[in-house]
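K.L.:
Here's a structure for you.
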Amino acid sequence: MKIATFNINGIKARAEALPAWLDEAQPDVVLLQEIKSVDENFPRELFEDRGYNVETHGQKSFNGVAILSKHPLEDVTRGLPGDDEDEQARWIEATVMGERDALRVCGLYLPNGNPAPGPKFDYKLAWMQRLEARAKALLADEMPFLMAGDYNIIPQAEDAAKPEGWREDALFRPESRAAWRRLLNLGLTEAFRARTHGPGHYSFWDYQAGAWNRNNGIRIDHFLLSPTCADMLRDCQIDRDVRGRDKPSDHVPVWVDLDF
């Protein structure tokens, strides 16, 4: 089973590029971030016509996450537990029903947190505490699961072309990376680094200052796998070339291949 995560930076802006990539890559499940659309305006037919079941958790003009799946989806929930007053659409999860087993998939768009320090950074760290609590609960359930999406976290210096430029940024501050390590220390596996080592691998290039042409990128789109899900991992890759196509998102797809 091929499962992808892709921050599309607006479904309207990517109305041609996203279906083209789906037709080429043929993922079984896709976790989308920044759809920037309310649920009723999401163009479901673009994906249903391609055989996908569609579940969204939208928000007008900002944020928004979705799941596209060629397999049945059950027990869909929206919103990260732990704060009933949080109205930002950043979390969706569902159970994907395979032929042999079931897999819980969680799509997330973690807060950026800038400027840091400040209220937005406090919200980011609090959100990550809730994420850690949700991961613990999922581990206790013992169903295989993954949490994937735009984490807005640069885990290590090698995950940025110019790490010195990010030292005071919320994506790379010590507090953010410490929260990331706490997730890993629960026993989760970071899929890409389980397969590929070394610098030069990025999933985001800013639209400004020729970042793509100069390969001034960062790696912030990640898959975290539970132990039983990690046992299924066959591959994890970044579809880097998508960034160089017409009307691209500033992110590119990242995908895992699971023996599921």
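How things are named: the first chain in the structure tokens is A, the next is B, and so on; residues count from 1 in each chain; ligands count from 1 in the order shown.
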Need to verify the contact set: Val252 in chain A, 8 Å, only C-alpha atoms, exclusion of same-chain residues closer than 3 positions in sequence. Can you return it as number ranges by chain?
P.N.:
A: 6-8, 203-204, 238-240, 242-243, 249
K.L.:
When DSSP works through the backbone of this structure, what residues of range 6-249 of chain A end up as strand (DSSP E), shown as a PyMOL selection string?
P.N.:
chain A and resi 6-7+29-33+53-57+65-69+73-78+91-97+102-109+145-150+189-190+204-205+217-218+221-225+233-238
K.L.:
Can you work out which one of A:Ile11, A:Leu73, A:Met147, A:Leu224 has the shortest atom-to-atom distance to Leu46 in chain A, counting only C-alpha atoms?
P.N.:
A:Ile11
K.L.:
Could you name the residues that touch Val256 in chain A at 8 Å or less, counting only C-alpha atoms, but leaving out those on the same chain fewer than 2 positions away, as a count of residues only?
P.N.:
12
K.L.:
Which polymer residues have any atom within 10 Å of an atom of Ala13 in chain A, counting only C-alpha atoms, with same-chain residues fewer than 5 positions away left out, as an MDAnalysis selection string?
P.N.:
chainID A and resid 8 18 35:36 247:249
K.L.:
Pull N, CA, C and O atoms from the residues just selected and write them as a tab-separated table (two decimals), in the first residue's frame.
P.N.:
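For reference, out-v5.tsv as written:
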```
chain	number	residue	atom	x	y	z
A	8	ILE	N	-0.69	20.86	-0.03
A	8	ILE	CA	-0.96	21.36	-1.38
A	8	ILE	C	-1.06	22.88	-1.45
A	8	ILE	O	-1.12	23.45	-2.53
A	18	LEU	N	-2.59	18.72	-8.65
A	18	LEU	CA	-2.81	17.59	-7.76
A	18	LEU	C	-3.39	16.37	-8.49
A	18	LEU	O	-2.85	15.27	-8.36
A	35	ILE	N	-5.68	22.58	2.68
A	35	ILE	CA	-6.64	22.59	1.57
A	35	ILE	C	-7.28	23.96	1.42
A	35	ILE	O	-7.77	24.32	0.35
A	36	LYS	N	-7.31	24.74	2.51
A	36	LYS	CA	-7.82	26.12	2.48
A	36	LYS	C	-9.22	26.20	1.87
A	36	LYS	O	-9.50	27.03	1.01
A	247	LYS	N	2.70	25.60	-11.68
A	247	LYS	CA	1.87	25.98	-10.54
A	247	LYS	C	2.04	25.02	-9.35
A	247	LYS	O	1.08	24.45	-8.85
A	248	PRO	N	3.27	24.85	-8.88
A	248	PRO	CA	3.50	23.88	-7.80
A	248	PRO	C	3.15	24.45	-6.43
A	248	PRO	O	3.12	25.67	-6.22
A	249	SER	N	2.89	23.55	-5.50
A	249	SER	CA	2.91	23.92	-4.09
A	249	SER	C	4.36	24.18	-3.69
A	249	SER	O	5.30	23.80	-4.40
```
K.L.:
Pick out each residue of range 38-208 of chain A that DSSP on the backbone tags as helix (DSSP H, G or I); I need them as number ranges by chain.
P.N.:
A: 39-41, 44-48, 119-141, 157-159, 163-166, 174-184, 191-195
K.L.:
Can you tell me which residues surround Phe172 in chain A at a distance of at most 9 Å, considering only C-alpha atoms, apart from same-chain residues fewer than 4 positions away, and format the answer as a PyMOL selection string?
P.N.:
chain A and resi 152-157+163+166-168+176-177
K.L.:
Next, the residues of the selection above should be written as an mmCIF file, in the first residue's frame with N, CA and C atoms.
P.N.:
```cif
data_model
loop_
_atom_site.group_PDB
_atom_site.id
_atom_site.type_symbol
_atom_site.label_atom_id
_atom_site.label_comp_id
_atom_site.auth_asym_id
_atom_site.auth_seq_id
_atom_site.Cartn_x
_atom_site.Cartn_y
_atom_site.Cartn_z
ATOM 1 N N ASN A 152 6.083 21.024 10.245
ATOM 2 C CA ASN A 152 6.739 22.298 10.507
ATOM 3 C C ASN A 152 7.863 22.144 11.529
ATOM 4 N N ILE A 153 8.599 21.049 11.407
ATOM 5 C CA ILE A 153 9.749 20.757 12.251
ATOM 6 C C ILE A 153 10.923 20.359 11.357
ATOM 7 N N ILE A 154 12.065 21.016 11.538
ATOM 8 C CA ILE A 154 13.321 20.608 10.919
ATOM 9 C C ILE A 154 14.050 19.775 11.973
ATOM 10 N N PRO A 155 14.056 18.444 11.859
ATOM 11 C CA PRO A 155 14.569 17.626 12.952
ATOM 12 C C PRO A 155 16.045 17.832 13.267
ATOM 13 N N GLN A 156 16.885 17.943 12.220
ATOM 14 C CA GLN A 156 18.321 18.041 12.416
ATOM 15 C C GLN A 156 18.900 19.057 11.426
ATOM 16 N N ALA A 157 20.121 19.492 11.700
ATOM 17 C CA ALA A 157 20.768 20.474 10.829
ATOM 18 C C ALA A 157 20.860 19.972 9.396
ATOM 19 N N PRO A 163 21.202 25.594 7.583
ATOM 20 C CA PRO A 163 20.650 25.533 8.942
ATOM 21 C C PRO A 163 20.918 26.783 9.770
ATOM 22 N N TRP A 166 18.087 29.224 10.172
ATOM 23 C CA TRP A 166 16.863 28.776 10.822
ATOM 24 C C TRP A 166 16.972 28.692 12.338
ATOM 25 N N ARG A 167 18.104 29.091 12.895
ATOM 26 C CA ARG A 167 18.369 28.808 14.311
ATOM 27 C C ARG A 167 17.359 29.451 15.248
ATOM 28 N N GLU A 168 16.835 30.616 14.907
ATOM 29 C CA GLU A 168 15.857 31.281 15.772
ATOM 30 C C GLU A 168 14.429 31.099 15.278
ATOM 31 N N SER A 176 11.178 23.087 19.898
ATOM 32 C CA SER A 176 10.441 22.343 18.878
ATOM 33 C C SER A 176 11.077 20.979 18.631
ATOM 34 N N ARG A 177 12.384 20.980 18.518
ATOM 35 C CA ARG A 177 13.073 19.724 18.233
ATOM 36 C C ARG A 177 13.041 18.781 19.434
#
```
K.L.:
Distance CA of Leu32 in chain A-CA of Arg78 in chain A, one decimal place?
P.N.:
13.6 Å
K.L.:
Counting only C-alpha atoms, what is within 7 Å of Thr56 in chain A, bar same-chain residues fewer than 5 positions away, as a list in words?
P.N.:
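The filter keeps Asp39, Val65, Ala66 and Ile67 of chain A.
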K.L.:
As an exercise, work out the distance from CA of Tyr151 in chain A to CA of Leu108 in chain A in Å and give it to one decimal place.
P.N.:
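Separation of CA of Tyr151 in chain A and CA of Leu108 in chain A: 7.2 Å.
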K.L.:
Can you list, as a list in words, every protein, DNA or RNA residue that comes within 7 Å of range 121-138 of chain A when you count only C-alpha atoms, leaving out same-chain residues fewer than 2 positions away?
P.N.:
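The filter keeps Pro81, Gly82, Pro111, Asn112, Gly113, Asn114, Pro115, Ala116, Pro117, Gly118, Pro119, Ala140, Asp141, Glu142, Ala170, Ser176, Ala179 and Leu183 of chain A.
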K.L.:
A:Ala160, A:Met232, A:Ala102, A:Ala89: which is nearest Thr189 in chain A, counting only C-alpha atoms?
P.N.:
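Going through A:Ala160, A:Met232, A:Ala102, A:Ala89 one by one, the smallest distance to Thr189 in chain A is for A:Met232.
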K.L.:
Could you work out how far CA of Met1 in chain A lies from CA of Arg44 in chain A, giving the answer in Å with one decimal?
P.N.:
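Here the two named atoms are 22.1 Å from each other.
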K.L.:
Pick from A:His57, A:Arg195, A:Arg214, A:Arg50: nearest to Asp257 in chain A, with only C-alpha atoms counted?
P.N.:
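Among A:His57, A:Arg195, A:Arg214, A:Arg50, it is A:Arg195 that comes nearest to Asp257 in chain A.
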K.L.:
Determine the nearest neighbour of Lys60 in chain A from the options A:Gly200, A:Pro227, A:Gly165, A:Gly10, counting only C-alpha atoms.
P.N.:
A:Gly10
K.L.:
Using only C-alpha atoms for the distances, tell me which of A:Asp23, A:Glu34, A:Glu190, A:Glu55 is nearest to Asp250 in chain A.
P.N.:
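The closest residue to Asp250 in chain A is A:Glu34.
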